[in-house]
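Dropping start11.tsv in here (TSV, C-alpha atoms and all ligand atoms):
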```
chain	number	residue	atom	x	y	z
U	1	MET	CA	27.99	-5.55	-7.67
U	2	GLY	CA	26.51	-8.62	-9.37
U	3	ASN	CA	23.43	-10.55	-8.33
U	4	LYS	CA	23.47	-12.91	-5.37
U	5	LYS	CA	21.57	-16.01	-4.31
U	6	ILE	CA	20.80	-17.85	-1.10
U	7	LYS	CA	19.30	-21.26	-0.29
U	8	LYS	CA	15.85	-20.94	1.21
U	9	ASP	CA	16.92	-22.98	4.21
U	10	GLN	CA	19.47	-20.24	4.97
U	11	LEU	CA	16.82	-17.51	5.18
U	12	LYS	CA	16.62	-17.67	8.96
U	13	ALA	CA	20.34	-16.87	9.20
U	14	LEU	CA	19.88	-14.02	6.72
U	15	PHE	CA	16.98	-12.60	8.74
U	16	GLY	CA	19.01	-12.90	11.94
U	17	GLU	CA	21.78	-10.88	10.35
U	18	LEU	CA	19.39	-8.22	9.02
U	19	ALA	CA	17.62	-7.96	12.37
U	20	LYS	CA	20.90	-7.20	14.22
U	21	ASN	CA	21.17	-3.63	12.98
U	22	ASN	CA	17.69	-2.92	11.62
U	23	VAL	CA	14.06	-3.43	12.48
U	24	LEU	CA	13.19	-6.32	10.18
U	25	LEU	CA	9.55	-6.63	9.10
U	26	THR	CA	8.29	-9.78	7.40
U	27	PRO	CA	4.82	-11.11	6.46
U	28	SER	CA	3.19	-12.63	9.50
U	29	LYS	CA	-0.21	-14.11	10.42
U	30	SER	CA	-2.14	-12.73	13.37
U	31	LYS	CA	-5.84	-13.14	14.25
U	32	GLY	CA	-6.63	-14.42	10.76
U	33	PHE	CA	-4.95	-11.50	8.97
U	34	VAL	CA	-1.61	-11.33	7.22
U	35	GLY	CA	0.41	-8.15	7.65
U	36	PHE	CA	4.00	-7.02	8.00
U	37	ALA	CA	5.25	-7.35	11.58
U	38	PRO	CA	8.64	-7.30	13.36
U	39	TRP	CA	10.39	-10.61	12.68
U	40	ASP	CA	9.77	-13.11	15.48
U	41	GLY	CA	13.39	-14.33	15.48
U	42	ASP	CA	12.43	-17.75	14.14
U	43	SER	CA	10.02	-18.09	11.19
U	44	ALA	CA	11.43	-17.93	7.71
U	45	ASP	CA	8.90	-19.99	5.79
U	46	PHE	CA	6.54	-17.22	4.64
U	47	PRO	CA	7.52	-17.60	0.94
U	48	GLU	CA	5.78	-21.02	1.15
U	49	TRP	CA	2.38	-19.78	2.30
U	50	TYR	CA	2.10	-16.08	1.60
U	51	ARG	CA	0.57	-14.65	-1.54
U	52	ASN	CA	0.01	-11.11	-0.28
U	53	THR	CA	-0.82	-9.36	2.97
U	54	THR	CA	-4.38	-8.48	3.97
U	55	ILE	CA	-3.21	-5.27	5.64
U	56	PRO	CA	-1.50	-3.13	3.00
U	57	PRO	CA	2.13	-2.04	3.52
U	58	LYS	CA	1.02	1.63	3.69
U	59	ALA	CA	0.22	0.81	7.36
U	60	MET	CA	3.97	0.70	8.15
U	61	PHE	CA	4.44	4.27	6.92
U	62	PHE	CA	1.01	5.79	7.54
U	63	PRO	CA	-0.38	3.86	10.55
U	64	PRO	CA	-4.15	3.39	11.00
U	65	VAL	CA	-3.92	5.38	14.27
U	66	GLU	CA	-1.04	7.73	14.92
U	67	GLU	CA	-0.31	10.07	17.81
U	68	MET	CA	1.11	13.19	16.15
U	69	LEU	CA	1.74	15.39	19.15
U	70	ARG	CA	0.98	15.89	22.83
U	71	PHE	CA	0.14	19.17	24.49
U	72	LYS	CA	0.07	20.40	28.06
U	73	LYS	CA	-1.14	23.66	29.55
U	74	GLY	CA	1.76	25.44	31.30
U	75	GLU	CA	2.21	28.81	33.04
U	76	GLU	CA	2.93	30.57	29.76
U	77	GLY	CA	0.42	28.77	27.57
U	78	TYR	CA	0.46	25.39	25.87
U	79	GLU	CA	3.65	23.32	25.60
U	80	VAL	CA	3.68	21.10	22.53
U	81	GLU	CA	5.70	17.92	22.06
U	82	GLU	CA	5.86	16.74	18.45
U	83	LEU	CA	6.06	12.94	18.15
U	84	LEU	CA	8.02	12.41	14.95
U	85	PRO	CA	9.22	8.87	14.07
U	86	GLY	CA	12.69	8.05	15.40
U	87	GLU	CA	15.86	7.17	13.53
U	88	GLY	CA	16.86	3.61	12.63
U	89	THR	CA	16.35	1.58	9.47
U	90	GLN	CA	13.34	-0.62	8.84
U	91	VAL	CA	13.96	-3.43	6.37
U	92	VAL	CA	10.69	-4.62	4.85
U	93	PHE	CA	11.32	-8.11	3.47
U	94	GLY	CA	8.87	-9.62	1.00
U	95	ILE	CA	6.89	-6.67	-0.34
U	96	ARG	CA	5.08	-7.53	-3.59
U	97	PRO	CA	5.63	-5.46	-6.77
U	98	CYS	CA	2.08	-4.01	-6.71
U	99	ASP	CA	2.54	-2.78	-3.13
U	100	ALA	CA	5.96	-1.28	-3.79
U	101	ARG	CA	4.34	0.65	-6.66
U	102	ALA	CA	1.55	1.75	-4.32
U	103	LEU	CA	4.10	3.39	-2.03
U	104	LYS	CA	5.63	5.23	-5.01
U	105	ILE	CA	2.12	6.45	-5.88
U	106	ILE	CA	1.33	7.81	-2.41
U	107	ASP	CA	4.86	9.24	-2.03
U	108	ILE	CA	3.78	11.86	-4.57
U	109	LEU	CA	0.92	13.05	-2.41
U	110	PHE	CA	2.73	12.95	0.93
U	111	SER	CA	5.66	14.94	-0.50
U	112	ASP	CA	3.62	17.45	-2.51
U	113	THR	CA	2.74	20.99	-1.32
U	114	TYR	CA	2.10	19.84	2.26
U	115	LYS	CA	5.04	17.62	3.11
U	116	ASP	CA	4.09	14.97	5.65
U	117	PRO	CA	7.08	14.58	8.02
U	118	TYR	CA	5.61	11.46	9.68
U	119	TYR	CA	5.22	9.48	6.46
U	120	LEU	CA	8.35	10.84	4.80
U	121	LYS	CA	10.63	10.10	7.74
U	122	ARG	CA	9.55	6.45	7.79
U	123	ARG	CA	9.95	6.16	4.03
U	124	GLU	CA	13.41	7.69	4.16
U	125	ASN	CA	14.43	5.18	6.85
U	126	ALA	CA	13.09	2.13	5.01
U	127	ILE	CA	14.75	-0.42	2.77
U	128	LEU	CA	12.31	-2.39	0.65
U	129	VAL	CA	13.15	-5.95	-0.34
U	130	GLY	CA	10.69	-7.04	-3.02
U	131	LEU	CA	9.55	-10.62	-3.61
U	132	GLY	CA	8.21	-11.67	-7.01
U	133	CYS	CA	4.84	-13.46	-7.18
U	134	LYS	CA	4.77	-17.15	-8.16
U	135	GLU	CA	1.05	-17.68	-7.84
U	136	PRO	CA	-0.92	-14.45	-8.30
U	137	CYS	CA	-4.47	-14.43	-6.88
U	138	ASP	CA	-7.41	-14.71	-9.27
U	139	THR	CA	-8.38	-11.17	-8.20
U	140	CYS	CA	-5.05	-9.59	-9.31
U	141	PHE	CA	-5.02	-7.31	-12.36
U	142	CYS	CA	-1.70	-5.50	-11.82
U	143	THR	CA	-0.58	-6.04	-15.42
U	144	SER	CA	-3.37	-3.69	-16.58
U	145	ILE	CA	-1.69	-0.92	-14.60
U	146	ASP	CA	1.85	-1.48	-15.78
U	147	VAL	CA	2.98	-3.53	-12.78
U	148	SER	CA	4.71	-6.83	-13.37
U	149	PRO	CA	4.50	-9.70	-10.84
U	150	GLY	CA	8.06	-10.82	-11.64
U	151	GLU	CA	10.05	-7.58	-11.32
U	152	SER	CA	10.06	-4.13	-9.73
U	153	GLN	CA	12.03	-0.93	-9.98
U	154	ASP	CA	10.17	0.46	-6.95
U	155	VAL	CA	12.23	-1.47	-4.35
U	156	ASP	CA	15.86	-1.50	-3.18
U	157	LEU	CA	16.45	-5.24	-3.56
U	158	PHE	CA	14.35	-7.70	-5.52
U	159	CYS	CA	14.11	-11.45	-4.85
U	160	THR	CA	12.84	-14.22	-7.10
U	161	GLU	CA	12.08	-17.68	-5.74
U	162	MET	CA	13.72	-20.39	-7.82
U	163	ASP	CA	13.11	-23.92	-6.49
U	164	ASP	CA	15.13	-24.09	-3.27
U	165	GLU	CA	16.91	-20.78	-3.82
U	166	LEU	CA	16.22	-17.06	-3.82
U	167	LEU	CA	17.88	-14.83	-6.40
U	168	ILE	CA	18.60	-11.37	-4.92
U	169	GLU	CA	19.14	-8.42	-7.28
U	170	ALA	CA	20.17	-4.92	-6.25
U	171	VAL	CA	17.83	-2.28	-7.68
U	172	SER	CA	18.94	0.91	-5.91
U	173	GLU	CA	22.18	2.18	-4.36
U	174	LYS	CA	20.68	1.65	-0.92
U	175	GLY	CA	19.95	-1.96	-1.87
U	176	GLU	CA	23.44	-2.46	-3.26
U	177	GLU	CA	24.96	-1.17	-0.04
U	178	LEU	CA	22.87	-3.53	2.09
U	179	LEU	CA	23.67	-6.48	-0.18
U	180	SER	CA	27.40	-5.80	0.12
U	181	LYS	CA	27.14	-6.11	3.92
U	182	ILE	CA	25.31	-9.46	4.00
U	183	SER	CA	27.42	-12.57	4.52
U	184	GLY	CA	26.68	-16.11	3.36
U	185	LEU	CA	25.43	-15.23	-0.14
U	186	SER	CA	26.68	-16.91	-3.33
U	187	ASP	CA	27.22	-15.19	-6.66
U	188	ALA	CA	24.49	-15.56	-9.27
U	189	GLY	CA	25.03	-15.16	-13.01
U	190	ASP	CA	23.17	-14.91	-16.32
U	191	GLU	CA	21.67	-18.37	-15.98
U	192	GLU	CA	19.79	-17.48	-12.79
U	193	LYS	CA	18.82	-14.08	-14.22
U	194	SER	CA	17.27	-15.66	-17.32
U	195	LYS	CA	15.47	-18.28	-15.20
U	196	ALA	CA	14.04	-15.48	-13.01
U	197	LYS	CA	12.84	-13.71	-16.14
U	198	GLN	CA	11.07	-16.85	-17.33
U	199	LEU	CA	9.41	-17.30	-13.94
U	200	GLY	CA	8.24	-13.68	-14.06
U	201	GLU	CA	6.74	-14.22	-17.52
U	202	SER	CA	4.95	-17.34	-16.35
U	203	ALA	CA	3.48	-15.46	-13.33
U	204	LYS	CA	2.31	-12.72	-15.73
U	205	GLU	CA	0.48	-15.29	-17.87
U	206	LYS	CA	-1.44	-16.47	-14.81
U	207	ILE	CA	-3.03	-13.03	-14.40
U	208	THR	CA	-6.25	-13.11	-16.36
U	209	GLY	CA	-8.11	-10.19	-14.72
U	210	ARG	CA	-7.97	-6.94	-16.68
U	211	ILE	CA	-9.27	-3.44	-16.81
U	212	GLU	CA	-8.90	-1.22	-19.85
U	213	THR	CA	-7.16	2.05	-18.99
U	214	ALA	CA	-6.93	3.51	-22.52
U	215	GLU	CA	-9.01	6.72	-22.69
U	216	LEU	CA	-10.44	5.87	-19.29
U	217	GLN	CA	-10.34	9.46	-18.01
U	218	GLU	CA	-12.40	10.69	-20.97
U	219	LYS	CA	-14.87	7.82	-20.57
U	220	MET	CA	-15.23	8.58	-16.87
U	221	ARG	CA	-15.89	12.26	-17.51
U	222	SER	CA	-18.65	11.40	-20.00
U	223	ASN	CA	-20.17	8.92	-17.56
U	224	PHE	CA	-19.97	11.20	-14.51
U	225	GLU	CA	-23.62	12.34	-14.55
U	226	ASN	CA	-24.92	8.82	-15.28
U	227	LYS	CA	-26.83	8.48	-12.01
U	228	GLU	CA	-28.50	5.26	-13.11
U	229	TYR	CA	-25.12	3.59	-13.69
U	230	TRP	CA	-23.69	4.66	-10.31
U	231	GLU	CA	-26.86	3.76	-8.44
U	232	GLY	CA	-26.81	0.31	-10.05
U	233	VAL	CA	-23.20	-0.49	-9.19
U	234	SER	CA	-23.58	0.86	-5.64
U	235	ARG	CA	-26.74	-1.05	-4.73
U	236	LYS	CA	-25.12	-3.86	-2.74
U	237	CYS	CA	-22.35	-1.77	-1.09
U	238	MET	CA	-22.80	-1.49	2.69
U	239	SER	CA	-20.51	1.54	3.13
U	240	CYS	CA	-18.33	-0.52	5.49
U	241	GLY	CA	-15.11	1.09	4.18
U	242	ILE	CA	-13.12	-2.17	4.13
U	243	CYS	CA	-12.12	-1.63	0.50
U	244	THR	CA	-10.49	1.69	1.39
U	245	TYR	CA	-8.74	0.37	4.49
U	246	VAL	CA	-7.16	-2.59	2.66
U	247	CYS	CA	-6.29	-0.50	-0.39
U	248	PRO	CA	-2.54	0.25	-0.53
U	249	THR	CA	-3.12	3.63	-2.19
U	250	CYS	CA	-6.18	5.00	-0.33
U	251	HIS	CA	-4.86	7.67	1.99
U	252	CYS	CA	-7.75	9.68	3.49
U	253	PHE	CA	-7.37	10.54	7.15
U	254	ASP	CA	-9.01	12.49	9.93
U	255	ILE	CA	-7.19	14.43	12.65
U	256	CYS	CA	-8.72	15.00	16.08
U	257	ASP	CA	-7.55	16.58	19.30
U	258	GLU	CA	-8.31	14.56	22.41
U	259	ASN	CA	-8.35	17.25	25.05
U	260	ASN	CA	-8.47	16.62	28.81
U	261	LYS	CA	-8.61	20.31	29.82
U	262	LYS	CA	-4.96	20.55	30.97
U	263	ASP	CA	-3.37	18.21	28.47
U	264	GLY	CA	-4.18	16.16	25.45
U	265	LYS	CA	-2.98	14.66	22.21
U	266	ARG	CA	-3.50	15.09	18.49
U	267	VAL	CA	-4.30	11.82	16.73
U	268	ARG	CA	-4.54	10.96	13.05
U	269	ASN	CA	-6.78	8.06	12.00
U	270	TRP	CA	-7.51	6.43	8.66
U	271	ASP	CA	-10.81	7.65	7.26
U	272	SER	CA	-12.87	6.51	4.27
U	273	CYS	CA	-14.77	8.29	1.52
U	274	LYS	CA	-17.23	5.39	1.76
U	275	PHE	CA	-18.52	6.57	5.15
U	276	PRO	CA	-21.59	8.82	5.32
U	277	LEU	CA	-19.85	10.82	8.08
U	278	PHE	CA	-16.69	11.42	6.02
U	279	THR	CA	-15.60	15.07	5.74
U	280	ARG	CA	-18.19	16.51	8.10
U	281	MET	CA	-15.87	19.40	8.91
U	282	PRO	CA	-16.08	22.28	8.25
U	283	MET	CA	-19.69	21.74	7.07
U	284	GLU	CA	-20.92	18.28	6.17
U	285	ASN	CA	-20.35	15.42	3.76
U	286	PRO	CA	-21.60	16.75	0.43
U	287	ARG	CA	-22.15	13.17	-0.76
U	288	HIS	CA	-25.31	12.17	1.08
U	289	GLU	CA	-26.24	9.33	-1.26
U	290	LYS	CA	-24.17	6.18	-1.34
U	291	TRP	CA	-23.84	6.21	-5.14
U	292	ARG	CA	-22.09	9.61	-5.00
U	293	ARG	CA	-19.56	8.24	-2.50
U	294	ILE	CA	-18.87	5.17	-4.66
U	295	ARG	CA	-18.48	7.39	-7.71
U	296	GLN	CA	-16.01	9.56	-5.80
U	297	ARG	CA	-13.75	6.60	-4.96
U	298	TYR	CA	-13.43	5.44	-8.57
U	299	HIS	CA	-13.13	8.95	-10.00
U	300	HIS	CA	-10.48	9.81	-7.46
U	301	LYS	CA	-8.39	6.77	-8.43
U	302	PHE	CA	-8.81	6.84	-12.19
U	303	GLU	CA	-9.54	10.46	-13.06
U	304	TYR	CA	-8.51	13.02	-10.37
U	305	TYR	CA	-5.25	11.43	-9.19
U	306	PRO	CA	-3.97	10.97	-12.77
U	307	MET	CA	-5.05	14.56	-13.54
U	308	ASN	CA	-3.19	15.94	-10.47
U	309	PHE	CA	-0.19	13.62	-10.27
U	310	ASP	CA	0.01	11.76	-13.56
U	311	ALA	CA	-0.49	8.36	-11.89
U	312	ILE	CA	-3.49	6.03	-11.52
U	313	ALA	CA	-4.13	5.52	-7.80
U	314	CYS	CA	-4.70	1.77	-8.14
U	315	THR	CA	-2.13	-0.98	-8.66
U	316	GLY	CA	-4.46	-3.87	-9.44
U	317	CYS	CA	-3.57	-5.65	-6.18
U	318	GLY	CA	-7.14	-6.99	-6.00
U	319	ARG	CA	-7.47	-6.60	-2.20
U	320	CYS	CA	-10.71	-4.59	-2.43
U	321	ILE	CA	-12.24	-7.46	-4.44
U	322	ARG	CA	-10.98	-10.17	-2.07
U	323	GLU	CA	-12.04	-8.42	1.12
U	324	CYS	CA	-15.39	-6.84	0.16
U	325	PRO	CA	-18.09	-8.69	2.13
U	326	VAL	CA	-20.62	-8.36	-0.70
U	327	ASN	CA	-18.34	-8.98	-3.71
U	328	VAL	CA	-18.19	-5.50	-5.18
U	329	ASP	CA	-15.65	-5.85	-8.01
U	330	ILE	CA	-13.68	-2.82	-9.22
U	331	ARG	CA	-12.95	-4.62	-12.52
U	332	GLU	CA	-16.67	-4.81	-13.29
U	333	ILE	CA	-17.30	-1.20	-12.26
U	334	ILE	CA	-14.48	0.23	-14.36
U	335	GLY	CA	-15.23	-2.22	-17.17
U	336	GLY	CA	-18.87	-1.06	-17.30
U	337	ILE	CA	-18.04	2.61	-17.85
U	401	LIG	S1	-15.83	-3.21	1.00
U	401	LIG	FE1	-17.57	-3.53	-0.39
U	401	LIG	S2	-19.37	-3.17	0.92
U	401	LIG	FE2	-17.62	-2.29	2.02
U	401	LIG	S3	-17.58	-0.11	1.35
U	401	LIG	FE3	-16.21	-1.23	-0.03
U	401	LIG	S4	-17.50	-1.77	-1.79
U	401	LIG	FE4	-18.88	-1.21	-0.10
U	402	LIG	S1	-8.48	-0.02	-5.66
U	402	LIG	FE1	-8.52	-2.21	-5.13
U	402	LIG	S2	-7.22	-3.19	-6.69
U	402	LIG	FE2	-6.78	-0.99	-6.76
U	402	LIG	S3	-4.99	-0.73	-5.41
U	402	LIG	FE3	-6.85	-0.35	-4.16
U	402	LIG	S4	-7.33	-2.35	-3.23
U	402	LIG	FE4	-5.88	-2.73	-4.92
```
Target encoding structure tokens, full file:
Amino acid sequence: MGNKKIKKDQLKALFGELAKNNVLLTPSKSKGFVGFAPWDGDSADFPEWYRNTTIPPKAMFFPPVEEMLRFKKGEEGYEVEELLPGEGTQVVFGIRPCDARALKIIDILFSDTYKDPYYLKRRENAILVGLGCKEPCDTCFCTSIDVSPGESQDVDLFCTEMDDELLIEAVSEKGEELLSKISGLSDAGDEEKSKAKQLGESAKEKITGRIETAELQEKMRSNFENKEYWEGVSRKCMSCGICTYVCPTCHCFDICDENNKKDGKRVRNWDSCKFPLFTRMPMENPRHEKWRRIRQRYHHKFEYYPMNFDAIACTGCGRCIRECPVNVDIREIIGGI
């Protein structure tokens, strides 16, 4: 199937059609934050105001708080009810290329030795519709990590905004199948494709932030014991954990049982290596000093994850820079090593 296009003023009709048979999630503003939320049945203007979400898309697949199971004491012992996600397709419309890559990066972990049925079920049921960036933020550095603002192979469909139209390209078979079912689209040809390419190149040129990843693992190993360096770059950090919560690839969690004697539930919550109380079980957090916790976060992303899974656990989305209350900048920390 060839590429398709749609006028932006027809997006509401397109969303209405997608929402008939799927749960449609689009960028939405709530309480000062932007995140993906079920489509409200009306708004279709987010391409005009949205650059990226504050809450990373991982939250749709690995929620901040998740009830995993419930248990009840019966005559014969405990009865357990597992609360796996249900069936039904979720169409995520408007995911940026950096965030689609982030999901590919954490897919590796959640499907490794311990397969996570909660995350994997939601991923299996999702269709990702990417949206290229026109105006990257000044904190973005995705191009340093092999992500391009104007294209993505990590989605099912990819859209590029072109004046009053959206070009829609099928990337995967799942995307192609969905595209074939949508009505009201016009055919797009080579002219639109080459225009989309130009727009992608121009978005790339707007990204000026960079980090150097060549030989970074070796440099990090040599710098590991440099206490003075890590103490210096950690000084202003308040251990609030915001950088890890907004990061689309950070995936630490804690699991607790909330037990009311006769019944209870098992809950999984996002956790953060920035917290002094992180990993207190089975003994205690071995990283008492803040600089050790900061060092852990950067080494995990740029040394351990590549060593274990052959992928850097950062996509250059820049959220941790934008949201840090004291302006800690990952580009400066990695650049200083
Ligand atoms: S957001 Fe900033 S202050 Fe908070 S833990 Fe991260 S680096 Fe530290
Ligand atoms: S470490 Fe920062 S720039 Fe990298 S993916 Fe996480 S939030 Fe984005």
Please write out the residues within 6 Å of ligand LIG 401 (chain U) as a compact mmCIF listing (two decimals) with C-alpha atoms, in the coordinates of the input, counting only C-alpha atoms and all ligand atoms.
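Written out: selection-v6.txt:
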```
# COMPACT_ATOMS: atom_id res chain seq x y z
CA CYS U 237 -22.35 -1.77 -1.09
CA MET U 238 -22.80 -1.49 2.69
CA SER U 239 -20.51 1.54 3.13
CA CYS U 240 -18.33 -0.52 5.49
CA GLY U 241 -15.11 1.09 4.18
CA ILE U 242 -13.12 -2.17 4.13
CA CYS U 243 -12.12 -1.63 0.50
CA LYS U 274 -17.23 5.39 1.76
CA CYS U 324 -15.39 -6.84 0.16
CA PRO U 325 -18.09 -8.69 2.13
CA VAL U 326 -20.62 -8.36 -0.70
CA VAL U 328 -18.19 -5.50 -5.18
```
Closest-contact table, stretch 187-262 of chain U side, partner stretch 148-154 of chain U, 12 Å, counting all atoms listed in the file, as a Markdown table:
```
| residue | atom | partner | partner_atom | distance |
| --- | --- | --- | --- | --- |
| U:Lys193 | CA | U:Glu151 | CA | 11.3 |
| U:Ser194 | CA | U:Gly150 | CA | 11.9 |
| U:Lys195 | CA | U:Gly150 | CA | 11.1 |
| U:Ala196 | CA | U:Gly150 | CA | 7.7 |
| U:Lys197 | CA | U:Gly150 | CA | 7.2 |
| U:Gln198 | CA | U:Gly150 | CA | 8.8 |
| U:Leu199 | CA | U:Gly150 | CA | 7.0 |
| U:Gly200 | CA | U:Gly150 | CA | 3.8 |
| U:Glu201 | CA | U:Gly150 | CA | 6.9 |
| U:Ser202 | CA | U:Gly150 | CA | 8.6 |
| U:Ala203 | CA | U:Pro149 | CA | 6.4 |
| U:Lys204 | CA | U:Pro149 | CA | 6.2 |
| U:Glu205 | CA | U:Pro149 | CA | 9.8 |
| U:Lys206 | CA | U:Pro149 | CA | 9.8 |
| U:Ile207 | CA | U:Pro149 | CA | 9.0 |
```
Self-check item: Residues near U:Pro248, cut-off 7 Å, all atoms listed in the file, skip fewer than 6 positions along chain, as a list in words
Solution: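 These residues fall inside the cut-off: Pro56, Pro57, Lys58, Asp99 and Ala102 of chain U.
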Quiz item: Which residues form the shell of 6 Å around ligand LIG 402 (chain U) when you count all atoms listed in the file, given as a PyMOL selection string?
Solution: chain U and resi 246-249+314-320
Just-selected residues, C-alpha atoms written as a PDB file, in the frame of the given file:
```
ATOM      1  CA  VAL U 246      -7.160  -2.590   2.660  1.00  0.00           C
ATOM      2  CA  CYS U 247      -6.290  -0.500  -0.390  1.00  0.00           C
ATOM      3  CA  PRO U 248      -2.540   0.250  -0.530  1.00  0.00           C
ATOM      4  CA  THR U 249      -3.120   3.630  -2.190  1.00  0.00           C
ATOM      5  CA  CYS U 314      -4.700   1.770  -8.140  1.00  0.00           C
ATOM      6  CA  THR U 315      -2.130  -0.980  -8.660  1.00  0.00           C
ATOM      7  CA  GLY U 316      -4.460  -3.870  -9.440  1.00  0.00           C
ATOM      8  CA  CYS U 317      -3.570  -5.650  -6.180  1.00  0.00           C
ATOM      9  CA  GLY U 318      -7.140  -6.990  -6.000  1.00  0.00           C
ATOM     10  CA  ARG U 319      -7.470  -6.600  -2.200  1.00  0.00           C
ATOM     11  CA  CYS U 320     -10.710  -4.590  -2.430  1.00  0.00           C
TER      12      CYS U 320
END
```
Quiz item: Please, what distance in Å, to one decimal, runs between atom CA of U:Asn125 and atom CA of U:Lys301?
Solution: 27.5 Å
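Candidate residues U:Tyr78, U:Phe158, U:Tyr50, U:Phe141 were compared for distance to U:Ser172, and the nearest is U:Phe158, using all atoms listed in the file.
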Exercise. Choose the residue, out of U:Met60, U:Leu157, U:Asp164, U:Tyr298, that has the smallest atom-to-atom separation from U:Leu179; count all atoms listed in the file.
Key: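 Closest candidate: U:Leu157.
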